[in-house]
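J.: Handing you a structure now.
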Protein chains: 4
Amino acid sequence: MQQCIQNCTDCHRVCLETITHCLQVGGEHAAQAHIRLLLDCVQICQTSADFMIRSSELHQRTCGVCAEVCDRCAADCERMAANDPMMRQCAEMCRQMAA
Amino acid sequence: MQQCIQNCTDCHRVCLETITHCLQVGGEHAAQAHIRLLLDCVQICQTSADFMIRSSELHQRTCGVCAEVCDRCAADCERMAANDPMMRQCAEMCRQMAA
Amino acid sequence: MQQCIQNCTDCHRVCLETITHCLQVGGEHAAQAHIRLLLDCVQICQTSADFMIRSSELHQRTCGVCAEVCDRCAADCERMAANDPMMRQCAEMCRQMAA
Amino acid sequence: MQQCIQNCTDCHRVCLETITHCLQVGGEHAAQAHIRLLLDCVQICQTSADFMIRSSELHQRTCGVCAEVCDRCAADCERMAANDPMMRQCAEMCRQMAA
C-alpha cells in the first residue's frame with residue numbers, strides 16, 4: 001500500500017510537470033485531448049493517493065479508475081516519446097501505474 | 001450533463017459542511033468511519049464534477065465510483081438523520097447522487 | 001460569505017471550461033503561461049471555496065491569494081476577449097472575483 | 001524548489017494520516033477546530049505543491065499562506081504531542097514547513 005501511495009504521488013507530479021512541458025513544445029503535444037488526459041491523470045492519481053492515505057474502504061474502486069486513466073495516458077504519451085525524454089518518463093510512469 | 005455537474009458540486013459542498021457539523025456534535029457523528037466516508041464523498045464528487053466539466057471521455061468511470069461512495073455515505077447519514085436536519089439534508093443529497 | 005462561496009465555485013468551473021476551449025482554439029490561447037494561469041485559478045478558487053465552506057479562520061488569506069490570481073487571469077483573458085465570448089465570460093468572472 | 005515540493009507533498013500526507021489517527025483517538029484530538037486545521041493544512045500543502053510543480057509565478061503567495069496554516073497546525077498538534085508519536089511527527093513536519 002505504501003508503495004502504491006508513493007507511485008500515485010509520483011505520477012501526479014510527473015503528469016503535472018509534463019503538462020507544462022507539452023504546452024511549451026506546442027503542436028500535437030498541446031492538443032486538447034492530450035492535455036485533458038494528463039489533467040485527468042493528475043487528478044485521479046491525487047484522489048487515489050488520498051483514498052489510500054485515509055485507508056478508505058473504497059480505495060480499490062478509485063485505484064481501478066486510476067489504472068484505466070493511466071493506461072490511456074501512457075498510450076497517448078508513448079506516441080510522442082521517441083525523441084522526447086520528458087514524454088518517455090511520463091509514459092513509463094503511467095505504464096507502471098496501469099499495471 | 002449540466003445537471004449532473006451541479007449535483008456533484010452541491011454534494012461536495014453539503015458533505016463538507018456536514019463534516020464541520022458532525023465534528024461539532026461529536027460522538028458517533030465524529031466517528032472515524034463516518035468522517036472518512038464524508039471526506040471520500042467530498043473528494044470524489046469534486047473529481048467527478050471536474051471530469052465532466054472537462055468533457056473527459058472517462059467521466060462515466062469517475063461518476064460510477066462517485067455513485068457508489070454516495071450510496072454508502074447516504075446510508076451512513078441516514079442512521080443519524082432522525083432528529084438532525086443537517087444529516088437528513090446530507091443523506092438526501094447523497095441518496096439523489098447514488099441514483 | 002454564501003455569495004463568495006458561490007462565486008469561487010462558479011469561477012472554478014468557468015476557468016476549467018475555458019481551458020478546454022483554449023486548447024481547442026490553439027495558438028496564443030494554448031500558450032503555456034495562459035493555461036498555467038487558468039490552472040492556478042481553477043485550483044485556488046476551489047481551495048478558497050473549501051476554506052469558506054469549512055468556516056476556516058484563515059479563509060481570508062486564501063481569498064486574498066485567490067483575488068490576486070483572478071486579477072492576473074482576468075487581464076490575460078481580456079487580451080483575447082474581443083471576438084471570443086468564452087474568453088469574455090471568463091475575463092468577467094475573474095474580474096468580479098478580483099474585486 | 002524540489003525540496004520544497006517534496007516537503008509540501010510529505011506534509012499533505014502526514015496531515016491526512018493524522019486526521020485518521022485523531023478521529024480514532026477521539027476527545028480533544030477529534031475536536032472541530034483541530035480537524036479543520038488539519039484539513040486546511042492538507043489542502044493548502046497540495047495547492048502549494050502544485051503551484052510549484054507548474055512553476056507558477058504566484059507560488060510564493062500560496063507558499064506564504066501554506067507557511068501560516070502550517071504554523072497554526074504545528075502549534076495545535078504540539079499541544080497533544082507529549083505522549084503521542086503520531087502527533088509529534090505531524091507537529092514536527094508542520095513546524096518545518098512553517099520555517
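Letters A, B, ... mark the chains of the C-alpha cells in the order given; residue numbers begin at 1 per chain; ligand numbers begin at 1, in order shown.
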Tell me as number ranges by chain which residues belonging to chain C come within 12 Å of chain B, counting only C-alpha atoms.

T.: C: 2, 5-6, 8-10, 12-24, 42-43, 46-47, 49-56

J.: Between CA of Ala31 (chain B) and CA of Cys90 (chain B), measure the distance and give it in Å to one decimal.

T.: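 Value for the CA of Ala31 (chain B)-CA of Cys90 (chain B) distance: 16.4 Å.
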
J.: What lies within 9 Å of Leu37 (chain B) using only C-alpha atoms, ignoring chain neighbours under 3 positions off, as a compact mmCIF listing (two decimals) with C-alpha atoms, in the first residue's frame?

T.:
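Dumped everything to selection06.txt:
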# COMPACT_ATOMS: atom_id res chain seq x y z
CA SER A 56 -10.79 4.25 2.78
CA GLU A 57 -12.72 1.07 2.12
CA GLN B 32 -13.60 7.82 12.18
CA ALA B 33 -15.52 5.73 9.64
CA HIS B 34 -18.24 8.36 9.26
CA ASP B 40 -14.29 10.38 0.39
CA CYS B 41 -17.58 11.81 -0.84
CA VAL B 42 -16.27 15.40 -0.82
CA VAL B 69 -19.36 6.34 -2.50
CA CYS B 70 -22.53 8.46 -2.28
CA ARG B 72 -22.56 4.33 1.26
CA CYS B 73 -22.44 7.88 2.58
CA ASP B 76 -24.33 6.22 6.97

J.: If you run DSSP on this backbone, which residues of chain B come out as helix (DSSP H, G or I), and could you give them as a PyMOL selection string?

T.: chain B and resi 2-25+27-30+32-53+59-78+85-98

J.: Can you pull out every residue within 9 Å of Met87 (chain D), counting only C-alpha atoms, but drop anything in the same chain fewer than 4 positions away, and send it as a ChimeraX atom specification?

T.: /D:18,21-22,77-83,91-92

J.: Can you spit out the residues from that selection as a PDB file, in the first residue's frame, using C-alpha atoms?

T.:
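The file below, again21.pdb, is the result:
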ATOM      1  CA  THR D  18      -3.034  12.339  11.289  1.00  0.00           C
ATOM      2  CA  HIS D  21      -5.422   8.914  13.766  1.00  0.00           C
ATOM      3  CA  CYS D  22      -7.148  11.776  15.596  1.00  0.00           C
ATOM      4  CA  CYS D  77      -0.509  19.420  17.268  1.00  0.00           C
ATOM      5  CA  GLU D  78       2.253  20.259  19.771  1.00  0.00           C
ATOM      6  CA  ARG D  79      -0.399  20.510  22.496  1.00  0.00           C
ATOM      7  CA  MET D  80      -1.090  16.772  22.054  1.00  0.00           C
ATOM      8  CA  ALA D  81       2.415  15.591  21.194  1.00  0.00           C
ATOM      9  CA  ALA D  82       3.739  14.698  24.662  1.00  0.00           C
ATOM     10  CA  ASN D  83       2.651  11.073  24.658  1.00  0.00           C
ATOM     11  CA  ALA D  91       3.862  18.809  14.691  1.00  0.00           C
ATOM     12  CA  GLU D  92       7.473  18.499  13.550  1.00  0.00           C
TER      13      GLU D  92
END

J.: Work out how far apart CA of Ala99 (chain B) and CA of Ile44 (chain B) are and give it in Å to one decimal.

T.: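 Calculated distance between CA of Ala99 (chain B) and CA of Ile44 (chain B) is 15.6 Å.
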